[in-house]
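Text of my_file03.csv, listed as CSV, C-alpha atoms and all ligand atoms:
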```csv
chain,number,residue,atom,x,y,z
M,222,MET,CA,27.3,158.5,187.3
M,223,THR,CA,28.6,161.1,185.0
M,224,GLY,CA,31.4,163.5,185.7
M,225,LYS,CA,31.2,167.3,185.6
M,226,LEU,CA,32.4,169.6,182.9
M,227,ILE,CA,34.2,172.8,184.1
M,228,ALA,CA,35.3,175.4,181.5
M,229,LEU,CA,38.0,178.0,181.8
M,230,GLU,CA,37.1,181.1,179.8
M,231,GLY,CA,38.7,184.5,179.1
M,232,ILE,CA,40.9,186.2,176.5
M,233,ASP,CA,44.4,184.9,175.7
M,234,GLY,CA,46.8,185.7,178.5
M,235,SER,CA,44.1,185.6,181.1
M,236,GLY,CA,45.7,182.5,182.6
M,237,LYS,CA,43.2,179.8,181.4
M,238,SER,CA,45.8,177.1,180.6
M,239,THR,CA,47.7,177.8,183.9
M,240,GLN,CA,44.6,177.5,186.0
M,241,ALA,CA,43.1,174.6,184.0
M,242,LYS,CA,46.3,172.6,184.8
M,243,LEU,CA,46.3,173.5,188.5
M,244,LEU,CA,42.6,172.8,188.9
M,245,ALA,CA,42.8,169.4,187.1
M,246,GLN,CA,45.7,168.4,189.4
M,247,SER,CA,43.8,169.5,192.5
M,248,ILE,CA,40.7,167.6,191.8
M,249,ASP,CA,42.2,164.8,189.7
M,250,ALA,CA,40.2,165.7,186.6
M,251,ASP,CA,40.9,165.1,182.9
M,252,THR,CA,41.8,168.1,180.8
M,253,THR,CA,41.2,169.1,177.2
M,254,PHE,CA,41.3,172.4,175.3
M,255,GLU,CA,39.8,174.1,172.2
M,256,PRO,CA,40.6,174.4,169.5
M,257,GLY,CA,43.0,171.6,168.7
M,258,ALA,CA,42.7,168.7,171.1
M,259,THR,CA,41.9,166.0,168.5
M,260,GLU,CA,43.6,165.0,165.2
M,261,LEU,CA,40.9,166.9,163.3
M,262,GLY,CA,41.2,169.7,165.8
M,263,THR,CA,44.9,170.2,165.1
M,264,ILE,CA,44.1,170.7,161.4
M,265,ILE,CA,41.3,173.2,162.3
M,266,ARG,CA,43.6,175.0,164.8
M,267,LYS,CA,46.4,175.3,162.3
M,268,SER,CA,44.0,176.8,159.7
M,269,LEU,CA,42.4,179.2,162.2
M,270,LEU,CA,45.3,180.4,164.3
M,271,HIS,CA,48.8,179.8,162.8
M,272,SER,CA,50.4,182.8,161.3
M,273,SER,CA,51.5,180.6,158.4
M,274,SER,CA,47.8,180.6,157.5
M,275,LYS,CA,47.5,184.4,157.5
M,276,ASP,CA,46.8,184.5,153.7
M,277,LEU,CA,44.1,181.9,154.0
M,278,SER,CA,40.7,183.5,153.4
M,279,ILE,CA,38.2,182.5,156.1
M,280,SER,CA,34.9,184.2,156.4
M,281,VAL,CA,33.6,185.0,159.9
M,282,GLU,CA,30.9,182.4,159.5
M,283,ALA,CA,33.4,179.8,158.4
M,284,GLU,CA,35.6,180.7,161.4
M,285,ALA,CA,32.7,180.2,163.7
M,286,LEU,CA,31.7,176.8,162.2
M,287,LEU,CA,35.3,175.6,162.3
M,288,MET,CA,35.5,176.4,166.0
M,289,ILE,CA,32.2,174.6,166.5
M,290,ALA,CA,33.3,171.6,164.5
M,291,ASP,CA,36.4,171.4,166.6
M,292,ARG,CA,34.2,171.3,169.7
M,293,ALA,CA,32.0,168.6,168.2
M,294,GLN,CA,35.1,166.4,167.8
M,295,ASP,CA,36.5,167.3,171.2
M,296,ILE,CA,33.2,166.2,172.8
M,297,ALA,CA,33.0,163.0,170.8
M,298,GLU,CA,36.6,161.9,171.4
M,299,ASN,CA,37.6,163.4,174.7
M,300,ILE,CA,34.7,164.9,176.8
M,301,THR,CA,31.8,162.5,176.5
M,302,PRO,CA,33.9,159.3,177.0
M,303,ALA,CA,35.5,160.8,180.1
M,304,LEU,CA,32.2,162.1,181.6
M,305,SER,CA,30.5,158.8,181.0
M,306,LEU,CA,33.2,157.1,183.0
M,307,GLY,CA,32.4,159.4,185.9
M,308,ARG,CA,35.6,161.5,185.4
M,309,ASN,CA,35.4,165.3,185.8
M,310,VAL,CA,36.7,167.2,182.9
M,311,VAL,CA,38.4,170.7,182.8
M,312,VAL,CA,38.2,172.3,179.4
M,313,ASP,CA,40.3,175.3,178.4
M,314,ARG,CA,37.7,177.2,176.3
M,315,PHE,CA,34.2,175.9,175.4
M,316,SER,CA,31.0,177.4,174.0
M,317,GLY,CA,31.5,180.6,175.8
M,318,SER,CA,34.5,181.3,173.7
M,319,THR,CA,32.4,181.1,170.5
M,320,ILE,CA,29.8,183.5,171.8
M,321,ALA,CA,32.5,185.9,173.0
M,322,TYR,CA,34.8,185.8,170.0
M,323,GLN,CA,32.6,185.1,167.0
M,324,GLY,CA,29.5,186.7,168.5
M,325,TYR,CA,30.6,189.8,170.5
M,326,GLY,CA,34.0,190.1,168.8
M,327,ARG,CA,33.2,189.3,165.2
M,328,GLY,CA,29.5,190.4,165.3
M,329,ILE,CA,27.7,187.2,164.4
M,330,ASN,CA,24.2,187.1,165.7
M,331,THR,CA,24.5,185.2,169.0
M,332,GLU,CA,21.2,183.3,168.7
M,333,LYS,CA,22.3,181.9,165.4
M,334,LEU,CA,25.6,180.9,167.0
M,335,GLN,CA,23.7,179.2,169.8
M,336,ASP,CA,21.8,177.1,167.3
M,337,ALA,CA,25.1,176.0,165.6
M,338,ILE,CA,26.6,175.3,169.0
M,339,ARG,CA,23.7,173.1,170.0
M,340,LEU,CA,24.2,171.0,166.9
M,341,ALA,CA,27.8,170.3,168.1
M,342,THR,CA,27.1,169.9,171.8
M,343,ASP,CA,23.7,168.3,171.8
M,344,GLY,CA,23.0,170.6,174.7
M,345,LEU,CA,26.1,169.7,176.7
M,346,GLU,CA,27.0,172.7,178.9
M,347,PRO,CA,29.6,173.1,181.6
M,348,THR,CA,28.3,172.8,185.1
M,349,LEU,CA,30.5,175.9,185.7
M,350,ASN,CA,32.2,178.4,183.5
M,351,ILE,CA,35.1,180.2,185.2
M,352,LEU,CA,35.7,183.6,183.6
M,353,LEU,CA,39.3,184.9,184.2
M,354,ASP,CA,38.6,188.6,183.6
M,355,ILE,CA,41.6,190.8,182.8
M,356,PRO,CA,42.1,194.1,181.0
M,357,ALA,CA,43.0,193.5,177.3
M,358,ASP,CA,46.3,195.5,177.5
M,359,LEU,CA,47.5,193.4,180.5
M,360,ALA,CA,46.6,190.2,178.8
M,361,MET,CA,48.5,191.3,175.7
M,362,GLU,CA,51.6,192.1,177.8
M,363,ARG,CA,51.5,188.6,179.3
M,364,VAL,CA,51.2,187.0,175.9
M,365,ALA,CA,54.1,189.1,174.6
M,366,ALA,CA,56.2,188.2,177.6
M,367,THR,CA,55.9,184.5,176.7
M,368,GLY,CA,57.7,185.1,173.4
M,369,LYS,CA,55.1,182.9,171.7
M,370,GLN,CA,54.2,183.8,168.1
M,371,ILE,CA,51.1,186.0,168.1
M,372,ASP,CA,48.2,184.1,166.5
M,373,ARG,CA,45.6,185.2,164.0
M,374,MET,CA,43.0,186.0,166.7
M,375,GLU,CA,45.5,187.9,168.9
M,376,LYS,CA,46.4,190.0,165.9
M,377,LEU,CA,42.9,191.5,165.8
M,378,GLY,CA,44.0,194.1,168.3
M,379,ILE,CA,42.8,195.8,171.5
M,380,ASP,CA,39.4,197.0,170.3
M,381,PHE,CA,38.5,193.5,169.3
M,382,LEU,CA,39.8,192.0,172.6
M,383,ASN,CA,37.8,194.7,174.5
M,384,ARG,CA,34.6,193.6,172.7
M,385,VAL,CA,35.4,190.0,173.5
M,386,ARG,CA,36.0,190.9,177.2
M,387,GLN,CA,32.8,192.8,177.5
M,388,GLY,CA,31.0,190.0,175.8
M,389,TYR,CA,32.2,187.6,178.4
M,390,LEU,CA,31.3,189.9,181.2
M,391,SER,CA,27.7,190.4,179.8
M,392,MET,CA,27.2,186.6,179.3
M,393,ALA,CA,28.6,185.8,182.8
M,394,SER,CA,26.6,188.4,184.6
M,395,ALA,CA,23.4,187.4,182.9
M,396,ASN,CA,24.0,183.7,184.0
M,397,PRO,CA,25.4,183.9,187.6
M,398,ASP,CA,24.4,180.3,188.3
M,399,ASN,CA,26.8,178.8,185.8
M,400,TRP,CA,29.4,181.5,185.6
M,401,TYR,CA,32.0,182.5,188.2
M,402,ILE,CA,33.8,185.8,187.4
M,403,LEU,CA,37.3,186.2,188.8
M,404,ASP,CA,39.6,189.2,188.6
M,405,SER,CA,42.7,187.6,187.0
M,406,ASP,CA,45.1,190.4,187.8
M,407,ARG,CA,46.3,188.8,191.0
M,408,PRO,CA,48.8,186.0,191.9
M,409,ILE,CA,48.4,182.6,190.2
M,410,ASP,CA,48.1,180.8,193.6
M,411,ASP,CA,45.3,183.1,194.9
M,412,ILE,CA,43.3,182.5,191.7
M,413,ALA,CA,43.8,178.8,192.0
M,414,GLU,CA,42.6,178.8,195.6
M,415,LEU,CA,39.5,180.8,194.8
M,416,ILE,CA,38.7,178.5,191.8
M,417,LEU,CA,39.2,175.3,193.9
M,418,SER,CA,37.0,176.5,196.7
M,419,ARG,CA,34.2,177.3,194.2
M,420,VAL,CA,34.6,174.0,192.4
M,421,LYS,CA,34.7,172.0,195.6
M,422,ASP,CA,31.1,173.3,196.3
M,423,LEU,CA,30.0,171.6,193.1
M,424,LEU,CA,31.6,168.3,193.4
J,1,LIG,P1,45.9,181.7,178.5
J,1,LIG,O1,45.8,180.2,178.5
J,1,LIG,O2,44.6,182.3,179.0
J,1,LIG,O3,46.3,182.3,177.2
J,1,LIG,P2,48.2,181.3,180.1
J,1,LIG,O4,47.8,180.4,181.3
J,1,LIG,O5,48.9,180.6,179.0
J,1,LIG,O6,46.9,182.1,179.6
J,1,LIG,O7,49.1,182.5,180.7
J,1,LIG,C1,49.7,183.4,179.8
J,1,LIG,C2,51.0,183.9,180.5
J,1,LIG,O8,50.7,184.6,181.6
J,1,LIG,C3,51.9,182.8,180.9
J,1,LIG,O9,53.3,183.2,180.8
J,1,LIG,C4,51.6,182.6,182.4
J,1,LIG,O10,52.6,182.1,183.2
J,1,LIG,C5,51.2,184.1,182.8
J,1,LIG,N1,50.2,184.1,183.9
J,1,LIG,C6,49.2,183.3,184.0
J,1,LIG,N2,48.4,183.7,185.1
J,1,LIG,C7,49.1,184.8,185.6
J,1,LIG,C8,48.9,185.6,186.8
J,1,LIG,N3,47.8,185.4,187.6
J,1,LIG,N4,49.7,186.6,187.0
J,1,LIG,C9,50.8,186.8,186.2
J,1,LIG,N5,51.1,186.1,185.1
J,1,LIG,C10,50.2,185.0,184.8
```
Once you've parsed the file, please lay out its structure as C-alpha cells.
Amino acid sequence: MTGKLIALEGIDGSGKSTQAKLLAQSIDADTTFEPGATELGTIIRKSLLHSSSKDLSISVEAEALLMIADRAQDIAENITPALSLGRNVVVDRFSGSTIAYQGYGRGINTEKLQDAIRLATDGLEPTLNILLDIPADLAMERVAATGKQIDRMEKLGIDFLNRVRQGYLSMASANPDNWYILDSDRPIDDIAELILSRVKDLL
C-alpha cells in the first residue's frame, strides 16, 4: 500500500508551513518542503533564495531547472521512501509552485515546464493540492511581520506575486478534482479545520 502525497501551495506568507505542520500532526504524516529539504536542496535553496546570492546571475530557465532538480532529490530521498512505506506525506510546495512562479510569474511556457517536471517526478502528482489563496499585499505584510530576511523571489514585488497568485487560481480552477482552493485570510484554526475535513475524505 502506498501513502498519499498532499501539497500545500500558495505565495509566501499564505500560511503553507503553518498549515503543513498542523495537518501532518493531525493525520500523523511525514513532512517535507521545497526547495531545500535535502543536502543537495540546501545548496540549491541557498543559490536561489538567499540575499547573499543576489549578485549571482541565474537565468529564468536555470532557476526553473534548479527548482525542479531540488524536487527530483526530495522525491528520491524523502517522498518516495515514505510513500512506499505507506506513510502519507505533506509537502510544503510541489510542482504547482514551478508552474505558478516560473510559468505564470517568470513567463516560461508552461507545457515546456511540465515536460521538465515530468522528468523529475516520473509522473508523481499530489492526490490533493491545497491552495491557500491570499491577496499579495496581505501576504507581504505577514512576511514582513515575521522579521525574516526577504528572499530573492519575494523581492520581485507585488506585480510578480499577483501573476503568481492568478496563475495558481487558474491552475486550481481548471483542475477541481485535485485542487482545493481556500481563502487564507481567516484564522489559522479555521483553515486547519477545513483542510483536515477535506483531507479526511481522501484517506
Ligand atoms: P508560508 O509558509 O506560506 O510562507 P507561514 O506559514 O510561514 O507562510 O506564515 C507566514 C506568517 O504568517 C507567520 O508569521 C504565520 O504565523 C502567519 N500566519 C499564517 N497563517 C496565518 C493566518 N491564517 N492568519 C494570520 N497570520 C497567519
Proximity of chain M to ligand LIG 1 (chain J): per-residue shortest pair, 7 Å limit, all atoms listed in the file, as a Markdown table:
```
| residue | atom | partner | partner_atom | distance |
| --- | --- | --- | --- | --- |
| M:Gly231 | CA | J:LIG1 | O2 | 6.3 |
| M:Ile232 | CA | J:LIG1 | O2 | 5.9 |
| M:Asp233 | CA | J:LIG1 | O3 | 3.6 |
| M:Gly234 | CA | J:LIG1 | O3 | 3.7 |
| M:Ser235 | CA | J:LIG1 | O2 | 3.9 |
| M:Gly236 | CA | J:LIG1 | O4 | 3.2 |
| M:Lys237 | CA | J:LIG1 | O2 | 3.7 |
| M:Ser238 | CA | J:LIG1 | O1 | 3.7 |
| M:Thr239 | CA | J:LIG1 | O4 | 3.7 |
| M:Gln240 | CA | J:LIG1 | O4 | 6.4 |
| M:Arg363 | CA | J:LIG1 | O8 | 4.7 |
| M:Val364 | CA | J:LIG1 | C1 | 5.5 |
| M:Ala366 | CA | J:LIG1 | O9 | 6.6 |
| M:Thr367 | CA | J:LIG1 | O9 | 5.0 |
| M:Ser405 | CA | J:LIG1 | N3 | 5.6 |
| M:Asp406 | CA | J:LIG1 | N3 | 5.7 |
| M:Arg407 | CA | J:LIG1 | N3 | 5.0 |
| M:Pro408 | CA | J:LIG1 | N3 | 4.5 |
| M:Ile409 | CA | J:LIG1 | N3 | 3.9 |
| M:Ile412 | CA | J:LIG1 | N3 | 6.7 |
```
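For the atom pair formed by CA of Gly307 in chain M and CA of Ile227 in chain M, the distance is 13.6 Å, given to one decimal.
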What is the CA of Arg386 in chain M-CA of Ala413 in chain M distance in Å, reported with one decimal?
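CA of Arg386 in chain M sits 20.6 Å away from CA of Ala413 in chain M.
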Residue nearest Leu277 in chain M among M:Thr252, M:Arg373, M:Ala337, M:Val385 (counting only C-alpha atoms)
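The answer is M:Arg373, which sits nearest to Leu277 in chain M.
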Computed gap from CA of Ala241 in chain M to CA of Ile379 in chain M is 24.6 Å
Which residue out of M:Asp276, M:Asp398, M:Glu414, M:Glu230 has the minimum interatomic distance to Thr319 in chain M when only C-alpha atoms are used?
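Checking each candidate against Thr319 in chain M, we get M:Glu230 as the closest.
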From M:Leu304, M:Leu229, M:Ala293, M:Ala285, residue lying nearest Gly328 in chain M [only C-alpha atoms]:
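Under the stated criterion, the closest residue is M:Ala285.
Proximity to Asp380 in chain M was assessed for M:Pro302, M:Pro356, M:Gly224, M:Gly317 counting all atoms listed in the file; the smallest distance is recorded for M:Pro356.
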Would you list the residues near (30.1, 188.5, 167.3) (no more than 12 Å away, in the coordinates of the file, using all atoms listed in the file) as a PyMOL selection string?
chain M and resi 281-282+284-285+317-335+381-382+384-389
For the selection you just gave me, I'd like the residues written to a file as an mmCIF file, keeping the file's coordinate frame, keeping C-alpha atoms.
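Below you can see out_17.cif, which holds the result:
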```cif
data_model
loop_
_atom_site.group_PDB
_atom_site.id
_atom_site.type_symbol
_atom_site.label_atom_id
_atom_site.label_comp_id
_atom_site.auth_asym_id
_atom_site.auth_seq_id
_atom_site.Cartn_x
_atom_site.Cartn_y
_atom_site.Cartn_z
ATOM 1 C CA VAL M 281 33.600 185.000 159.900
ATOM 2 C CA GLU M 282 30.900 182.400 159.500
ATOM 3 C CA GLU M 284 35.600 180.700 161.400
ATOM 4 C CA ALA M 285 32.700 180.200 163.700
ATOM 5 C CA GLY M 317 31.500 180.600 175.800
ATOM 6 C CA SER M 318 34.500 181.300 173.700
ATOM 7 C CA THR M 319 32.400 181.100 170.500
ATOM 8 C CA ILE M 320 29.800 183.500 171.800
ATOM 9 C CA ALA M 321 32.500 185.900 173.000
ATOM 10 C CA TYR M 322 34.800 185.800 170.000
ATOM 11 C CA GLN M 323 32.600 185.100 167.000
ATOM 12 C CA GLY M 324 29.500 186.700 168.500
ATOM 13 C CA TYR M 325 30.600 189.800 170.500
ATOM 14 C CA GLY M 326 34.000 190.100 168.800
ATOM 15 C CA ARG M 327 33.200 189.300 165.200
ATOM 16 C CA GLY M 328 29.500 190.400 165.300
ATOM 17 C CA ILE M 329 27.700 187.200 164.400
ATOM 18 C CA ASN M 330 24.200 187.100 165.700
ATOM 19 C CA THR M 331 24.500 185.200 169.000
ATOM 20 C CA GLU M 332 21.200 183.300 168.700
ATOM 21 C CA LYS M 333 22.300 181.900 165.400
ATOM 22 C CA LEU M 334 25.600 180.900 167.000
ATOM 23 C CA GLN M 335 23.700 179.200 169.800
ATOM 24 C CA PHE M 381 38.500 193.500 169.300
ATOM 25 C CA LEU M 382 39.800 192.000 172.600
ATOM 26 C CA ARG M 384 34.600 193.600 172.700
ATOM 27 C CA VAL M 385 35.400 190.000 173.500
ATOM 28 C CA ARG M 386 36.000 190.900 177.200
ATOM 29 C CA GLN M 387 32.800 192.800 177.500
ATOM 30 C CA GLY M 388 31.000 190.000 175.800
ATOM 31 C CA TYR M 389 32.200 187.600 178.400
#
```
Within 7 Å of range 254-268 of chain M, counting only C-alpha atoms, which residues show up once you throw out same-chain ones fewer than 6 positions away? Write them as a PyMOL selection string, please.
chain M and resi 274+287-288+291-292+294-295+312-315
Restricting the calculation to all atoms listed in the file, which member of M:Leu417, M:Leu423, M:Ile351, M:Leu226 is positioned closest to Asp251 in chain M?
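When distances to Asp251 in chain M are compared using all atoms listed in the file, the smallest one comes from M:Leu226.
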When distances are computed from all atoms listed in the file, which of M:Leu352, M:Met361, M:Leu243, M:Ile416 shows the smallest separation from Ser394 in chain M?
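Comparing M:Leu352, M:Met361, M:Leu243, M:Ile416 against Ser394 in chain M, the winner is M:Leu352.
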List as a PDB file with C-alpha atoms, keeping the file's coordinate frame the residues having at least one atom at most 12 Å from position (27.1, 164.8, 183.8) as given in the file, counting only C-alpha atoms.
```
ATOM      1  CA  MET M 222      27.300 158.500 187.300  1.00  0.00           C
ATOM      2  CA  THR M 223      28.600 161.100 185.000  1.00  0.00           C
ATOM      3  CA  GLY M 224      31.400 163.500 185.700  1.00  0.00           C
ATOM      4  CA  LYS M 225      31.200 167.300 185.600  1.00  0.00           C
ATOM      5  CA  LEU M 226      32.400 169.600 182.900  1.00  0.00           C
ATOM      6  CA  ILE M 227      34.200 172.800 184.100  1.00  0.00           C
ATOM      7  CA  ILE M 300      34.700 164.900 176.800  1.00  0.00           C
ATOM      8  CA  THR M 301      31.800 162.500 176.500  1.00  0.00           C
ATOM      9  CA  PRO M 302      33.900 159.300 177.000  1.00  0.00           C
ATOM     10  CA  ALA M 303      35.500 160.800 180.100  1.00  0.00           C
ATOM     11  CA  LEU M 304      32.200 162.100 181.600  1.00  0.00           C
ATOM     12  CA  SER M 305      30.500 158.800 181.000  1.00  0.00           C
ATOM     13  CA  LEU M 306      33.200 157.100 183.000  1.00  0.00           C
ATOM     14  CA  GLY M 307      32.400 159.400 185.900  1.00  0.00           C
ATOM     15  CA  ARG M 308      35.600 161.500 185.400  1.00  0.00           C
ATOM     16  CA  ASN M 309      35.400 165.300 185.800  1.00  0.00           C
ATOM     17  CA  VAL M 310      36.700 167.200 182.900  1.00  0.00           C
ATOM     18  CA  GLY M 344      23.000 170.600 174.700  1.00  0.00           C
ATOM     19  CA  LEU M 345      26.100 169.700 176.700  1.00  0.00           C
ATOM     20  CA  GLU M 346      27.000 172.700 178.900  1.00  0.00           C
ATOM     21  CA  PRO M 347      29.600 173.100 181.600  1.00  0.00           C
ATOM     22  CA  THR M 348      28.300 172.800 185.100  1.00  0.00           C
ATOM     23  CA  LEU M 349      30.500 175.900 185.700  1.00  0.00           C
ATOM     24  CA  LEU M 423      30.000 171.600 193.100  1.00  0.00           C
ATOM     25  CA  LEU M 424      31.600 168.300 193.400  1.00  0.00           C
TER      26      LEU M 424
END
```
